[in-house]
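First the structure, in the form of structure tokens, and then the observations on it.
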Amino acid sequence: MTEPQQETSPDAIMVRIGQAIMLHRAGDREEARNRFALLWSETTGKGDLFQRCTIAHYMADTQDDPDAELEWDLRALAAADALTEEEVEWGEHSLAVRCLYPSLYLNIAADHVKLGEPSAARRELRRAQGVLGSLADDEYGTGIKAAVQRLESRLNAV
């Protein structure tokens, strides 16, 4: 019996990313991790960098090992950085990528805290703070700003 072919159009990939995110939020980390791994392999070398960034960003959250979580967060950042200025300025995902940087840096800072590396955590937290202005005054932006403040308080207590 052959496996059904997964749809790989850009919209279908984003739908499948959303489905994996829902699985993770519902508590099924293992299945979410399996789906993100499949999506990552399907986009390797040819995938939309925004998709790769999104996949890695959420894949990090499914990891049990802090080193693996940091590795995936760094992959997400590398995918975001790989977008050229022209793509960021004119691409359809330009605002989404700019708004993702505070979260990317925040997650990397939190990874360093988990790994017992407060200096590296502070460095990444400063990077997150430096791009908070890209966030809108909406629920997402407010949540990221609050998380940055919480992590800063936590690091100041160390």
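Letters A, B, ... go to the chains of the structure tokens in the order shown; residues in each chain start at 1; ligands are counted from 1 in the same order.
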
Hey, what's within 9 Å of region 11-27 of chain A if we count only C-alpha atoms and toss same-chain stuff fewer than 2 positions away? As a PDB file with C-alpha atoms, in the first residue's frame, please?
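Output contents, as saved in selection18.pdb:
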```pdb
ATOM      1  CA  GLN A   6       0.912  15.272   0.490  1.00  0.00           C
ATOM      2  CA  GLU A   7      -0.004  18.516  -1.226  1.00  0.00           C
ATOM      3  CA  THR A   8       3.104  20.709  -1.469  1.00  0.00           C
ATOM      4  CA  SER A   9       1.754  23.964  -2.897  1.00  0.00           C
ATOM      5  CA  ARG A  29       4.058  17.042  20.860  1.00  0.00           C
ATOM      6  CA  GLU A  30       5.266  13.821  19.259  1.00  0.00           C
ATOM      7  CA  GLU A  31       2.825  13.908  16.336  1.00  0.00           C
ATOM      8  CA  ALA A  32       3.440  17.634  15.872  1.00  0.00           C
ATOM      9  CA  ARG A  33       7.192  16.985  15.865  1.00  0.00           C
ATOM     10  CA  ASN A  34       6.755  14.195  13.290  1.00  0.00           C
ATOM     11  CA  ARG A  35       4.696  16.444  11.024  1.00  0.00           C
ATOM     12  CA  PHE A  36       7.108  19.356  11.320  1.00  0.00           C
ATOM     13  CA  LEU A  39       7.373  19.438   6.342  1.00  0.00           C
ATOM     14  CA  THR A  43      10.826  22.118   1.848  1.00  0.00           C
ATOM     15  CA  GLN A  51       7.743  28.434   5.450  1.00  0.00           C
ATOM     16  CA  THR A  54       7.830  28.996  10.475  1.00  0.00           C
ATOM     17  CA  ILE A  55       8.420  25.242  10.520  1.00  0.00           C
ATOM     18  CA  TYR A  58       7.428  25.798  15.865  1.00  0.00           C
ATOM     19  CA  MET A  59       9.540  22.631  15.632  1.00  0.00           C
ATOM     20  CA  ASP A  61       8.778  24.191  20.714  1.00  0.00           C
ATOM     21  CA  THR A  62       8.220  20.450  20.290  1.00  0.00           C
TER      22      THR A  62
END
```

- Item | Contact residues around Pro66 (chain A) with only C-alpha atoms at 10 Å, ignoring same-chain residues under 3 positions, as a ChimeraX atom specification | /A:60-61,63,69-72,110-115

Filtering to N, CA and C atoms, could you give me those residues as a CSV table (one decimal), in the first residue's frame?
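Now in selection_1.csv:
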```
chain,number,residue,atom,x,y,z
A,60,ALA,N,11.0,23.9,17.1
A,60,ALA,CA,11.8,24.1,18.4
A,60,ALA,C,10.9,23.9,19.6
A,61,ASP,N,9.7,24.3,19.5
A,61,ASP,CA,8.8,24.2,20.7
A,61,ASP,C,8.4,22.7,21.0
A,63,GLN,N,10.5,20.2,21.0
A,63,GLN,CA,11.7,19.5,21.4
A,63,GLN,C,11.8,19.3,22.9
A,69,GLU,N,16.3,22.2,21.0
A,69,GLU,CA,15.4,23.4,20.8
A,69,GLU,C,16.2,24.6,20.3
A,70,LEU,N,17.4,24.8,20.9
A,70,LEU,CA,18.2,25.9,20.4
A,70,LEU,C,18.6,25.7,18.9
A,71,GLU,N,18.9,24.5,18.6
A,71,GLU,CA,19.3,24.2,17.2
A,71,GLU,C,18.2,24.6,16.2
A,72,TRP,N,16.9,24.2,16.6
A,72,TRP,CA,15.8,24.6,15.7
A,72,TRP,C,15.5,26.1,15.7
A,110,ALA,N,15.6,32.5,25.7
A,110,ALA,CA,15.0,31.5,26.6
A,110,ALA,C,15.8,30.2,26.5
A,111,ASP,N,16.2,29.8,25.3
A,111,ASP,CA,17.0,28.5,25.2
A,111,ASP,C,18.3,28.6,26.0
A,112,HIS,N,18.9,29.8,25.9
A,112,HIS,CA,20.2,29.9,26.6
A,112,HIS,C,20.0,29.9,28.1
A,113,VAL,N,18.8,30.4,28.6
A,113,VAL,CA,18.5,30.3,30.0
A,113,VAL,C,18.4,28.9,30.4
A,114,LYS,N,17.7,28.1,29.6
A,114,LYS,CA,17.5,26.7,29.9
A,114,LYS,C,18.9,25.9,29.9
A,115,LEU,N,19.8,26.4,29.1
A,115,LEU,CA,21.1,25.8,29.0
A,115,LEU,C,22.1,26.3,30.1
```

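Proximity to Glu124 (chain A) was assessed for A:Ala157, A:Ala146, A:Leu77, A:Glu139 counting only C-alpha atoms; the smallest distance is recorded for A:Leu77.
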
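Rounded to one decimal, CA of Ile108 (chain A) and CA of Glu42 (chain A) lie 24.8 Å from each other.
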
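Relative to CA of Arg150 (chain A), CA of Ala78 (chain A) is found at 25.4 Å.
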
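Of note, CA of Glu152 (chain A) and CA of Arg52 (chain A) are spaced 28.4 Å apart.
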